[in-house]
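Participant: Structure file work.cif (mmCIF, C-alpha atoms) right here:
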data_coords
#
loop_
_atom_site.label_atom_id
_atom_site.label_comp_id
_atom_site.auth_asym_id
_atom_site.auth_seq_id
_atom_site.Cartn_x
_atom_site.Cartn_y
_atom_site.Cartn_z
CA MET A 1 -58.26 11.83 -24.37
CA LYS A 2 -56.49 8.44 -24.04
CA ALA A 3 -53.47 9.84 -25.87
CA LEU A 4 -53.34 12.78 -23.47
CA VAL A 5 -53.46 10.47 -20.42
CA LYS A 6 -50.68 8.29 -21.89
CA THR A 7 -48.55 11.37 -22.57
CA PHE A 8 -48.96 12.68 -19.01
CA THR A 9 -48.27 9.22 -17.58
CA ALA A 10 -45.10 8.87 -19.64
CA ALA A 11 -43.95 12.37 -18.64
CA ALA A 12 -44.62 11.60 -14.98
CA LEU A 13 -42.64 8.34 -15.15
CA ILE A 14 -39.72 10.09 -16.83
CA ALA A 15 -39.75 12.87 -14.20
CA VAL A 16 -39.91 10.39 -11.30
CA SER A 17 -37.08 8.24 -12.67
CA THR A 18 -34.94 11.33 -13.35
CA PHE A 19 -35.44 12.60 -9.79
CA ALA A 20 -34.70 9.13 -8.39
CA MET A 21 -31.42 8.91 -10.31
CA ALA A 22 -30.43 12.43 -9.27
CA ALA A 23 -31.13 11.61 -5.62
CA GLU A 24 -28.78 8.61 -5.78
CA GLY A 25 -25.91 10.85 -6.85
CA PRO A 26 -23.03 10.13 -9.20
CA GLY A 27 -21.48 6.72 -8.82
CA ALA A 28 -24.34 5.42 -6.68
CA LYS A 29 -24.75 2.48 -9.01
CA ALA A 30 -21.13 1.46 -8.53
CA ILE A 31 -21.15 -1.68 -6.44
CA LYS A 32 -18.43 -2.02 -3.86
CA ALA A 33 -16.17 -4.89 -4.73
CA ASN A 34 -16.11 -7.70 -2.21
CA ILE A 35 -12.55 -8.99 -2.24
CA ASN A 36 -11.75 -12.45 -0.91
CA LEU A 37 -9.50 -11.88 2.10
CA SER A 38 -10.17 -15.25 3.75
CA THR A 39 -6.47 -16.17 3.99
CA ALA A 40 -3.37 -14.19 4.89
CA ASN A 41 -1.82 -14.95 1.48
CA LEU A 42 -4.87 -13.60 -0.38
CA ALA A 43 -4.78 -10.43 1.73
CA LEU A 44 -1.03 -10.02 1.14
CA ASP A 45 -1.46 -10.51 -2.63
CA HIS A 46 -4.23 -7.90 -2.66
CA TYR A 47 -2.06 -5.50 -0.65
CA VAL A 48 0.71 -5.84 -3.25
CA ALA A 49 -1.81 -5.26 -6.06
CA VAL A 50 -3.18 -2.17 -4.33
CA THR A 51 0.21 -0.64 -3.52
CA THR A 52 2.12 -1.44 -6.74
CA GLU A 53 -0.38 -2.20 -9.50
CA GLY A 54 -2.95 0.55 -9.01
CA GLU A 55 -5.75 -1.80 -7.94
CA SER A 56 -8.45 0.14 -6.12
CA ALA A 57 -11.22 -2.42 -5.67
CA GLY A 58 -11.70 -3.40 -2.05
CA VAL A 59 -9.10 -0.99 -0.70
CA GLU A 60 -11.32 -0.04 2.27
CA GLN A 61 -11.90 -3.70 3.03
CA LEU A 62 -8.15 -4.45 3.11
CA PHE A 63 -7.04 -2.19 5.97
CA ALA A 64 -7.86 -2.69 9.65
CA ALA A 65 -9.66 0.10 11.50
CA ASP A 66 -6.49 0.92 13.48
CA PHE A 67 -4.12 0.66 10.49
CA ASN A 68 -0.97 2.76 10.72
CA GLN A 69 1.82 3.31 8.21
CA LYS A 70 5.29 4.52 9.16
CA ILE A 71 7.85 5.69 6.64
CA GLN A 72 11.45 5.55 7.84
CA ALA A 73 13.35 8.28 6.03
CA THR A 74 15.25 11.48 6.80
CA ASN A 75 11.92 12.96 7.88
CA ALA A 76 10.05 10.06 9.49
CA GLN A 77 6.36 10.10 8.67
CA SER A 78 3.27 8.38 10.00
CA HIS A 79 -0.07 8.00 8.21
CA ASN A 80 -3.44 6.74 9.40
CA ARG A 81 -5.88 4.49 7.57
CA GLU A 82 -7.92 7.28 5.97
CA SER A 83 -4.94 9.14 4.52
CA VAL A 84 -3.41 5.95 3.08
CA ILE A 85 -6.71 4.87 1.49
CA LYS A 86 -7.20 8.35 0.01
CA SER A 87 -3.69 8.28 -1.44
CA LEU A 88 -4.11 4.78 -2.89
CA LYS A 89 -7.43 5.71 -4.51
CA LYS A 90 -5.70 8.64 -6.25
CA GLN A 91 -3.21 6.15 -7.72
CA LYS A 92 -5.98 4.01 -9.25
CA GLY A 93 -4.72 2.35 -12.42
CA GLU A 94 -1.11 3.50 -11.99
CA LYS A 95 1.26 0.55 -12.11
CA LEU A 96 4.67 1.17 -10.59
CA ASN A 97 7.73 0.35 -12.69
CA CYS A 98 9.33 -2.09 -10.26
CA THR A 99 9.80 -5.77 -9.53
CA VAL A 100 8.13 -7.01 -6.38
CA SER A 101 9.02 -9.94 -4.16
CA THR A 102 7.36 -11.09 -0.96
CA ASP A 103 8.80 -13.12 1.90
CA ILE A 104 6.81 -14.44 4.84
CA ILE A 105 8.81 -13.64 7.99
CA GLU A 106 6.42 -15.03 10.60
CA GLU A 107 3.01 -16.68 10.37
CA SER A 108 0.51 -18.12 12.81
CA ALA A 109 -3.21 -18.85 12.81
CA ASP A 110 -4.09 -15.22 13.56
CA TYR A 111 -1.27 -13.03 12.24
CA MET A 112 1.40 -12.77 9.58
CA VAL A 113 4.44 -10.55 9.14
CA ALA A 114 5.69 -10.26 5.58
CA LYS A 115 8.46 -8.38 3.82
CA VAL A 116 7.48 -6.81 0.50
CA THR A 117 10.48 -5.63 -1.51
CA SER A 118 9.92 -3.32 -4.48
CA LYS A 119 13.02 -2.83 -6.63
CA PHE A 120 13.01 0.29 -8.75
CA GLU A 121 15.73 1.43 -11.15
CA ASN A 122 17.55 3.66 -8.62
CA PHE A 123 16.33 2.51 -5.21
CA THR A 124 14.63 -0.28 -3.26
CA LYS A 125 11.59 0.08 -1.03
CA THR A 126 11.18 -2.45 1.78
CA ASP A 127 7.74 -2.72 3.36
CA LEU A 128 7.25 -4.77 6.53
CA VAL A 129 3.55 -5.61 6.60
CA THR A 130 1.61 -6.99 9.56
CA LEU A 131 -1.66 -8.77 8.80
CA GLU A 132 -4.19 -9.91 11.39
CA ARG A 133 -7.25 -12.11 11.30
CA VAL A 134 -10.34 -9.97 11.96
CA GLY A 135 -13.40 -12.19 12.09
CA ASN A 136 -13.33 -14.31 8.94
CA ASP A 137 -11.10 -11.94 6.97
CA TRP A 138 -7.48 -10.88 7.08
CA LYS A 139 -6.63 -7.18 7.32
CA VAL A 140 -3.42 -5.19 7.03
CA SER A 141 -2.87 -3.59 10.43
CA LYS A 142 0.58 -2.04 10.07
CA SER A 143 3.10 -1.10 7.42
CA ILE A 144 6.66 0.14 7.95
CA ASN A 145 8.49 1.40 4.86
CA SER A 146 12.18 2.02 4.40
CA TYR A 147 14.19 3.04 1.35
CA LYS A 148 17.72 2.25 0.14
#
Would you put the structure from the file into structure tokens?
Facilitator:
Amino acid sequence: MKALVKTFTAAALIAVSTFAMAAEGPGAKAIKANINLSTANLALDHYVAVTTEGESAGVEQLFAADFNQKIQATNAQSHNRESVIKSLKKQKGEKLNCTVSTDIIEESADYMVAKVTSKFENFTKTDLVTLERVGNDWKVSKSINSYK
């Protein structure tokens, strides 16, 4: 009788834990990375890692709620925060074959404008990035890309 009770108890525990894991869904155990964006330079470095090195941790945390990206080309394009984040997540782990340099154009206590230059074999991408202090963190609020 004791063996039967133990068997039913074990089966019940297995069933409950299986249902609990299924209810959480796939990836529910993945913990969102908390990236240190306490300074403009840390936020800029993370932006470069996200856009050129395939880093995906903390990508939602990096962009301001009103983020906007403009691409200056033959057909000018504009992208909102959600579409840029979705695109960057698809590029997870893909490192671009380019050399990157950053120059601070303007900086104050609450904002920074930086120029990120990515030199590829046949062209150069210039990204003017505006960062703003939002609470205790820095966020990327605007990006304007041009190509040569």
Participant: Distance CA of Lys119 (chain A)-CA of Gln69 (chain A), one decimal place?
Facilitator: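 We find that CA of Lys119 (chain A) and CA of Gln69 (chain A) lie 19.6 Å from each other.
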Participant: As a check of understanding, name the residues that the PyMOL selection byres ((chain A and resi 54) around 10) selects in the supplied structure, as a count of residues only.
Facilitator: 18
Participant: Using all atoms listed in the file, which residue out of A:Thr99, A:Ser141, A:Ser108, A:Asn136 lies closest to Glu121 (chain A)?
Facilitator: A:Thr99
Participant: Scan for residues within 8 Å of the point (5.1, -9.1, -0.1) in the coordinates of the file, using only C-alpha atoms, and reply as a list in words.
Facilitator: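 Here is the list of nearby residues: Leu44, Asp45, Val48, Val100, Ser101, Thr102, Asp103, Ile104, Ala114, Lys115, Val116, Thr117, Asp127 and Val129 of chain A.
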Participant: Can you pull out every residue within 9 Å of Glu60 (chain A), counting all atoms listed in the file, but drop anything in the same chain fewer than 6 positions away, and send it as a list in words?
Facilitator: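 Contacts, in chain order: Arg81, Glu82 and Ile85 of chain A.
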Participant: When distances are computed from all atoms listed in the file, which of A:Leu62, A:Cys98, A:Val113, A:Ala73 shows the smallest separation from Ser146 (chain A)?
Facilitator: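 Of the candidates, the smallest distance to Ser146 (chain A) is held by A:Ala73.
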Participant: Can you work out the spacing between CA of Glu132 (chain A) and CA of Thr74 (chain A) in Å, to one decimal?
Facilitator: 29.3 Å
Participant: With only C-alpha atoms as the counted atoms, please give the residues lying no more than 10 Å from Gln61 (chain A), apart from itself and same-chain residues fewer than 5 positions off, as a list in words.
Facilitator: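 These residues fall inside the cut-off: Lys32, Ala33, Asn34, Ile35, Asn36, Leu37, Ala43, Asp137, Trp138, Lys139 and Val140 of chain A.
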Participant: Could you please take those selected residues and save C-alpha atoms as an mmCIF file, keeping the file's coordinate frame?
Facilitator:
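Final file, part.cif:
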data_model
loop_
_atom_site.group_PDB
_atom_site.id
_atom_site.type_symbol
_atom_site.label_atom_id
_atom_site.label_comp_id
_atom_site.auth_asym_id
_atom_site.auth_seq_id
_atom_site.Cartn_x
_atom_site.Cartn_y
_atom_site.Cartn_z
ATOM 1 C CA LYS A 32 -18.430 -2.020 -3.860
ATOM 2 C CA ALA A 33 -16.170 -4.890 -4.730
ATOM 3 C CA ASN A 34 -16.110 -7.700 -2.210
ATOM 4 C CA ILE A 35 -12.550 -8.990 -2.240
ATOM 5 C CA ASN A 36 -11.750 -12.450 -0.910
ATOM 6 C CA LEU A 37 -9.500 -11.880 2.100
ATOM 7 C CA ALA A 43 -4.780 -10.430 1.730
ATOM 8 C CA ASP A 137 -11.100 -11.940 6.970
ATOM 9 C CA TRP A 138 -7.480 -10.880 7.080
ATOM 10 C CA LYS A 139 -6.630 -7.180 7.320
ATOM 11 C CA VAL A 140 -3.420 -5.190 7.030
#
Participant: Just how far from CA of Lys148 (chain A) is CA of Val59 (chain A), in Å to one decimal?
Facilitator: 27.0 Å
Participant: Between A:Ser38, A:Tyr47, A:Phe123, A:Leu128, which is the closest to Tyr147 (chain A) once you count all atoms listed in the file?
Facilitator: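 Using all atoms listed in the file, Tyr147 (chain A) sits closest to A:Phe123.
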Participant: Identify which of the residues A:Ile71, A:Leu131, A:Leu42, A:Val84 lies closest to Glu107 (chain A), counting all atoms listed in the file when measuring atom-to-atom distances.
Facilitator: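 Among the listed residues, A:Leu131 lies closest to Glu107 (chain A).
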Participant: Tell me which of A:Thr124, A:Val134, A:Gln77, A:His46 sits closest to Ala65 (chain A), counting all atoms listed in the file.
Facilitator: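 Using all atoms listed in the file, Ala65 (chain A) sits closest to A:Val134.
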